[in-house]
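Containing compact mmCIF, C-alpha atoms: protein-v3.txt.
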# COMPACT_ATOMS: atom_id res chain seq x y z
CA THR C 1 -72.57 -54.98 191.91
CA THR C 2 -75.08 -53.17 189.73
CA THR C 3 -75.53 -50.46 192.36
CA THR C 4 -71.77 -50.00 192.65
CA LYS C 5 -71.44 -49.77 188.88
CA GLU C 6 -74.21 -47.18 188.65
CA LYS C 7 -72.56 -45.17 191.44
CA ASP C 8 -69.21 -45.28 189.64
CA GLU C 9 -70.89 -44.08 186.45
CA GLU C 10 -72.55 -41.21 188.32
CA ASP C 11 -69.23 -40.25 189.89
CA SER C 12 -67.54 -40.36 186.49
CA SER C 13 -70.29 -38.20 184.99
CA GLY C 14 -69.95 -35.71 187.83
CA ILE C 15 -66.18 -35.51 187.42
CA ALA C 16 -66.57 -35.07 183.65
CA ALA C 17 -69.09 -32.26 184.19
CA VAL C 18 -66.75 -30.48 186.64
CA ASN C 19 -63.83 -30.85 184.24
CA LYS C 20 -65.94 -29.48 181.41
CA GLU C 21 -66.94 -26.44 183.48
CA GLU C 22 -63.30 -25.82 184.40
CA GLU C 23 -62.27 -26.10 180.74
CA GLU C 24 -65.02 -23.66 179.69
CA GLU C 25 -63.99 -21.20 182.41
CA GLN C 26 -60.33 -21.47 181.38
CA GLU C 27 -61.27 -20.95 177.73
CA TYR C 28 -63.34 -17.89 178.66
CA ASN C 29 -60.46 -16.38 180.63
CA ASN C 30 -58.02 -17.07 177.78
CA ASN C 31 -60.37 -15.48 175.25
CA LYS C 32 -60.82 -12.46 177.52
CA ASN C 33 -57.06 -12.03 177.91
CA ASN C 34 -56.59 -12.41 174.16
CA ARG C 35 -59.25 -9.76 173.52
CA ASP C 36 -57.62 -7.37 175.99
CA ASP C 37 -54.21 -7.95 174.40
CA LYS C 38 -55.63 -7.42 170.92
CA ILE C 39 -57.29 -4.18 171.97
CA MET C 40 -54.02 -2.84 173.36
CA ILE C 41 -52.08 -3.97 170.26
CA ASP C 42 -54.58 -2.31 167.93
CA ILE C 43 -54.37 0.93 169.91
CA LYS C 44 -50.57 0.89 169.94
CA GLU C 45 -50.51 0.29 166.19
CA LYS C 46 -52.52 3.48 165.79
CA GLY C 47 -49.68 5.34 167.48
CA ASP C 48 -51.50 6.34 170.65
CA ASN C 49 -48.79 6.36 173.32
CA LYS C 50 -51.00 8.04 175.94
CA VAL C 51 -53.00 4.88 176.66
CA VAL C 52 -52.45 3.59 180.19
CA SER C 53 -52.19 -0.17 180.62
CA ASN C 54 -54.94 -2.02 182.47
CA ASN C 55 -52.26 -3.21 184.93
CA ALA C 56 -50.88 0.26 185.61
CA PRO C 57 -50.84 1.66 189.17
CA TRP C 58 -54.13 3.06 190.44
CA LEU C 59 -52.89 6.65 190.45
CA GLU C 60 -52.04 6.52 186.74
CA ARG C 61 -55.44 5.08 185.90
CA TYR C 62 -57.14 7.72 188.09
CA VAL C 63 -55.29 10.53 186.31
CA GLU C 64 -56.38 8.99 183.00
CA VAL C 65 -60.02 9.10 184.17
CA ILE C 66 -59.65 12.82 184.90
CA GLN C 67 -57.96 13.49 181.55
CA THR C 68 -60.71 11.57 179.75
CA PHE C 69 -63.86 12.95 181.33
CA LEU C 70 -62.78 16.55 181.93
CA PRO C 71 -62.98 17.51 178.21
CA LEU C 72 -65.95 15.20 177.54
CA GLY C 73 -68.08 17.21 179.93
CA PHE C 74 -67.71 20.21 177.61
CA VAL C 75 -68.27 18.50 174.24
CA ALA C 76 -70.83 15.74 174.96
CA PHE C 77 -73.85 17.34 173.31
CA GLY C 78 -77.19 15.61 172.78
CA GLY C 79 -79.06 13.10 174.91
CA PRO C 80 -77.99 9.77 176.41
CA GLN C 81 -78.05 8.00 173.03
CA ALA C 82 -75.64 10.53 171.55
CA HIS C 83 -73.39 10.23 174.58
CA VAL C 84 -73.11 6.48 174.05
CA ALA C 85 -71.34 7.07 170.73
CA ILE C 86 -68.88 9.47 172.34
CA LEU C 87 -68.17 7.14 175.26
CA ARG C 88 -67.72 4.13 172.99
CA ASP C 89 -65.22 5.97 170.79
CA HIS C 90 -63.16 7.27 173.69
CA LEU C 91 -63.30 4.32 176.10
CA VAL C 92 -63.44 1.26 173.82
CA VAL C 93 -61.95 2.26 170.47
CA GLN C 94 -59.32 4.83 171.47
CA ARG C 95 -58.30 3.85 175.00
CA GLY C 96 -59.28 0.18 175.26
CA TRP C 97 -60.63 0.34 178.80
CA MET C 98 -62.87 -2.64 177.95
CA ASP C 99 -64.00 -4.66 174.96
CA GLU C 100 -67.22 -4.29 172.98
CA ASP C 101 -69.06 -7.01 174.89
CA GLN C 102 -68.33 -5.49 178.29
CA PHE C 103 -69.37 -2.02 177.13
CA THR C 104 -72.58 -3.39 175.61
CA GLU C 105 -73.41 -5.25 178.83
CA LEU C 106 -72.97 -2.09 180.92
CA PHE C 107 -75.10 -0.17 178.44
CA ALA C 108 -77.85 -2.82 178.61
CA ILE C 109 -77.83 -2.73 182.42
CA GLY C 110 -78.07 1.06 182.36
CA GLN C 111 -81.03 0.87 179.98
CA GLY C 112 -82.85 -1.36 182.44
CA LEU C 113 -82.32 0.96 185.41
CA PRO C 114 -84.07 4.23 186.27
CA GLY C 115 -82.16 7.40 185.53
CA PRO C 116 -80.02 8.69 182.65
CA THR C 117 -78.22 5.86 180.88
CA SER C 118 -75.23 7.93 179.83
CA THR C 119 -74.49 9.05 183.40
CA GLN C 120 -74.76 5.47 184.64
CA LEU C 121 -72.41 4.40 181.85
CA VAL C 122 -69.91 7.10 182.80
CA ILE C 123 -69.91 6.06 186.45
CA SER C 124 -69.68 2.31 185.75
CA THR C 125 -66.88 2.58 183.19
CA ALA C 126 -64.83 4.93 185.36
CA LEU C 127 -65.46 2.73 188.41
CA SER C 128 -64.17 -0.32 186.54
CA ARG C 129 -61.10 1.69 185.58
CA ALA C 130 -60.17 3.44 188.84
CA GLY C 131 -62.51 2.21 191.54
CA PRO C 132 -65.23 4.12 193.43
CA VAL C 133 -63.16 7.30 193.62
CA GLY C 134 -62.74 7.24 189.86
CA GLY C 135 -66.47 6.73 189.38
CA LEU C 136 -67.38 9.67 191.62
CA THR C 137 -64.78 11.89 189.95
CA ALA C 138 -66.08 11.02 186.49
CA PHE C 139 -69.65 11.77 187.61
CA PHE C 140 -68.57 15.20 188.88
CA LEU C 141 -66.54 16.08 185.77
CA TRP C 142 -69.26 14.84 183.42
CA ASN C 143 -72.04 16.92 185.00
CA LEU C 144 -70.25 20.05 186.20
CA PRO C 145 -70.09 21.91 182.83
CA GLY C 146 -73.77 21.21 182.13
CA LEU C 147 -74.72 22.37 185.63
CA VAL C 148 -72.88 25.66 185.22
CA VAL C 149 -74.19 26.34 181.70
CA LEU C 150 -77.80 25.40 182.44
CA THR C 151 -77.83 27.41 185.65
CA THR C 152 -76.60 30.43 183.71
CA CYS C 153 -79.12 29.85 180.92
CA GLY C 154 -81.94 29.48 183.43
CA MET C 155 -81.08 32.84 184.97
CA LEU C 156 -80.85 34.55 181.57
CA LEU C 157 -83.61 32.59 179.79
CA THR C 158 -86.02 35.44 179.22
CA THR C 159 -83.22 37.66 177.91
CA PHE C 160 -81.73 35.46 175.18
CA VAL C 161 -84.44 32.89 174.35
CA THR C 162 -87.90 33.74 173.01
CA GLU C 163 -90.73 31.64 171.59
CA VAL C 164 -88.73 31.28 168.37
CA ASN C 165 -85.67 29.03 168.65
CA PRO C 166 -82.45 31.07 168.34
CA PHE C 167 -80.38 30.52 165.21
CA TRP C 168 -77.37 29.36 167.20
CA LEU C 169 -79.28 26.26 168.36
CA ALA C 170 -80.37 25.18 164.87
CA GLY C 171 -77.41 22.83 164.30
CA LEU C 172 -77.65 20.87 167.55
CA PRO C 173 -80.56 18.50 166.65
CA PRO C 174 -78.95 17.27 163.37
CA ALA C 175 -75.64 16.78 165.17
CA ALA C 176 -77.36 14.77 167.92
CA VAL C 177 -79.12 12.57 165.34
CA SER C 178 -75.81 11.80 163.62
CA LEU C 179 -74.22 10.85 166.94
CA VAL C 180 -77.11 8.54 167.79
CA PHE C 181 -76.84 6.83 164.40
CA LYS C 182 -73.09 6.46 164.81
CA ALA C 183 -73.48 4.88 168.24
CA PHE C 184 -76.00 2.25 167.31
CA TYR C 185 -74.42 1.47 163.98
CA GLY C 186 -71.31 0.52 165.94
CA PHE C 187 -73.40 -1.69 168.22
CA THR C 188 -75.22 -3.49 165.42
CA ALA C 189 -71.98 -4.00 163.48
CA LYS C 190 -70.69 -6.07 166.41
CA LEU C 191 -74.05 -7.73 167.10
CA ASP C 192 -73.77 -10.88 164.97
CA LYS C 193 -76.11 -12.97 167.10
CA PRO C 194 -79.43 -13.79 165.33
CA VAL C 195 -81.45 -13.56 168.52
CA GLY C 196 -79.88 -10.21 169.40
CA LEU C 197 -80.60 -8.77 165.97
CA CYS C 198 -84.23 -9.91 166.08
CA LEU C 199 -84.71 -8.45 169.57
CA ALA C 200 -83.08 -5.18 168.48
CA LEU C 201 -85.41 -4.88 165.47
CA CYS C 202 -88.50 -5.68 167.55
CA SER C 203 -87.63 -3.22 170.30
CA THR C 204 -86.90 -0.53 167.70
CA LEU C 205 -90.31 -1.10 166.12
CA ILE C 206 -91.99 -0.82 169.52
CA ALA C 207 -90.18 2.44 170.29
CA ILE C 208 -91.11 3.91 166.89
CA CYS C 209 -94.78 2.98 167.37
CA ILE C 210 -94.96 4.53 170.84
CA ASN C 211 -93.27 7.75 169.76
CA SER C 212 -94.99 8.14 166.37
CA ASP C 213 -98.46 6.61 166.56
CA THR C 214 -100.92 9.16 167.96
CA ARG C 215 -103.33 6.37 168.89
CA ILE C 216 -100.84 5.02 171.44
CA PRO C 217 -100.55 7.17 174.59
CA PRO C 218 -96.94 8.25 175.23
CA THR C 219 -97.30 7.27 178.88
CA SER C 220 -97.47 3.62 177.81
CA SER C 221 -93.68 3.64 177.57
CA GLN C 222 -93.56 3.57 181.38
CA TYR C 223 -94.58 -0.09 181.39
CA VAL C 224 -94.00 -1.18 177.77
CA PHE C 225 -90.22 -0.58 177.84
CA PRO C 226 -89.58 -2.49 181.11
CA ILE C 227 -91.73 -5.37 179.83
CA THR C 228 -89.78 -5.37 176.56
CA LEU C 229 -86.47 -5.53 178.44
CA ALA C 230 -87.71 -8.38 180.64
CA LEU C 231 -89.01 -10.35 177.63
CA GLY C 232 -85.70 -9.86 175.81
CA GLY C 233 -83.80 -11.23 178.79
CA CYS C 234 -86.13 -14.22 179.11
CA ILE C 235 -85.88 -15.06 175.40
CA THR C 236 -82.10 -14.84 175.50
CA TYR C 237 -81.92 -17.01 178.62
CA ILE C 238 -84.20 -19.67 177.12
CA ASP C 239 -82.21 -19.72 173.88
CA SER C 240 -78.91 -20.05 175.79
CA LYS C 241 -80.22 -23.15 177.58
CA ARG C 242 -81.25 -24.93 174.38
CA LYS C 243 -79.17 -27.83 173.12
CA ASN C 244 -78.60 -26.05 169.80
CA PRO C 245 -79.00 -22.33 170.53
CA LEU C 246 -79.54 -19.88 167.70
CA SER C 247 -76.76 -17.63 168.98
CA ASP C 248 -73.29 -18.18 170.40
CA TYR C 249 -73.17 -17.21 174.08
CA ASN C 250 -69.52 -18.09 174.78
Is it possible to give me this structure as structure tokens?
Amino acid sequence: TTTTKEKDEEDSSGIAAVNKEEEEEQEYNNNKNNRDDKIMIDIKEKGDNKVVSNNAPWLERYVEVIQTFLPLGFVAFGGPQAHVAILRDHLVVQRGWMDEDQFTELFAIGQGLPGPTSTQLVISTALSRAGPVGGLTAFFLWNLPGLVVLTTCGMLLTTFVTEVNPFWLAGLPPAAVSLVFKAFYGFTAKLDKPVGLCLALCSTLIAICINSDTRIPPTSSQYVFPITLALGGCITYIDSKRKNPLSDYN
């Protein structure tokens, strides 16, 4: 009798756990749908009638990818960090292709992979919007203007550029700095998780030390940055498994 009772209790606990997982999954899907609806409502309230719905036919979404990345290839100045601000404004704020959390996750994955983060972000966002063809098209449109301009500059380098920087390049560094600040201010404004804020501050301090302290060899970034990313992931995972986590991971 005792064994049967214990078995019934185990079965009841298992059923309760399954029901709880199903409820959490349903709640997550409902929250995601509500976020998507809110994004589209906010965009429509701004009067942007050119936004294509997430449920639109593939061809319409593919045309939107072309219309989005064709001009961006000509105006996306600066490095990957500056590009993040431009992509966030166009894809999240203006067009609502995805919410802040999804964009941040793609950005974090790109940071942990070899290669330029901005190009990886372009491909992944366009792929999520219009499939593999959309991702390849966005990659081509994003890089084609730079390829043409840099090829031309490389051929004419000795003619137009000397040891002294030309005056017409003087405004690009300040503009790139402002774009970088704008991008990461938008990220931190949405990052209300205590663990995330602490990790962001620590990683920023590490990056500043490597780039500014002459006693630290610059080549140390080759192994310090991957270790920092791995430690951040481990700390977040451990905190998410605690009974009373410091941050909300729902």
- Please, what distance in Å, to one decimal, runs between CA of Arg88 (chain C) and CA of Thr204 (chain C)?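 Atom-to-atom, CA of Arg88 (chain C) and CA of Thr204 (chain C) are spaced 20.4 Å apart.
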- Message: So the first atom is CA of Ile210 (chain C) and the second is CA of Gln111 (chain C); what is the distance between them in Å, to one decimal place?
- Response: 17.1 Å
- Message: I need the residue nearest Arg61 (chain C) from this list: C:Pro80, C:Leu106, C:Gly134, C:Gly112. Use only C-alpha atoms for the distance.
- Response: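 Using only C-alpha atoms, the shortest distance to Arg61 (chain C) belongs to C:Gly134.
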- Task: Skip Trp142 (chain C) itself and residues of its chain fewer than 4 positions away, then list as a count of residues only all residues within 8 Å of it, counting all atoms listed in the file.
- Result: 8
- When distances are computed from all atoms listed in the file, which of C:Ala175, C:Leu199, C:Val65, C:Val52 shows the smallest separation from Ala230 (chain C)?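 Ranked by minimum distance to Ala230 (chain C), first place goes to C:Leu199.
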- Item | Residue contacts of Phe181 (chain C) (9 Å, only C-alpha atoms) excluding same-chain residues fewer than 5 positions away, as a PyMOL selection string | chain C and resi 81-82+85+176+186
- Of the candidates C:Gly115, C:Gly135, C:Pro245, C:Gly110, which shows the shortest atom-to-atom distance to Pro194 (chain C), using all atoms listed in the file?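 When distances to Pro194 (chain C) are compared using all atoms listed in the file, the smallest one comes from C:Pro245.
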- Query: Hey, can you check how far CA of Val180 (chain C) sits from CA of Asn54 (chain C)?
  - Reply: 28.6 Å
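When all atoms listed in the file are used to measure the gap to Val51 (chain C), the shortest distance among C:Thr228, C:Ser220, C:Gln94, C:Ser128 belongs to C:Gln94.
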- Query: Which of these, C:Ser118, C:Phe74, C:Pro217, C:Gln222, has the shortest distance to Leu147 (chain C) once you count all atoms listed in the file?
  - Reply: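 Between C:Ser118, C:Phe74, C:Pro217, C:Gln222, the residue approaching Leu147 (chain C) most closely is C:Phe74.
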- Task: Could you give me, as an MDAnalysis selection string, the residues that sit within 8 Å of (-92.8, 0.0, 172.1) in the file's coordinates, counting only C-alpha atoms?
- Result: chainID C and resid 203:210 221 224:225 228
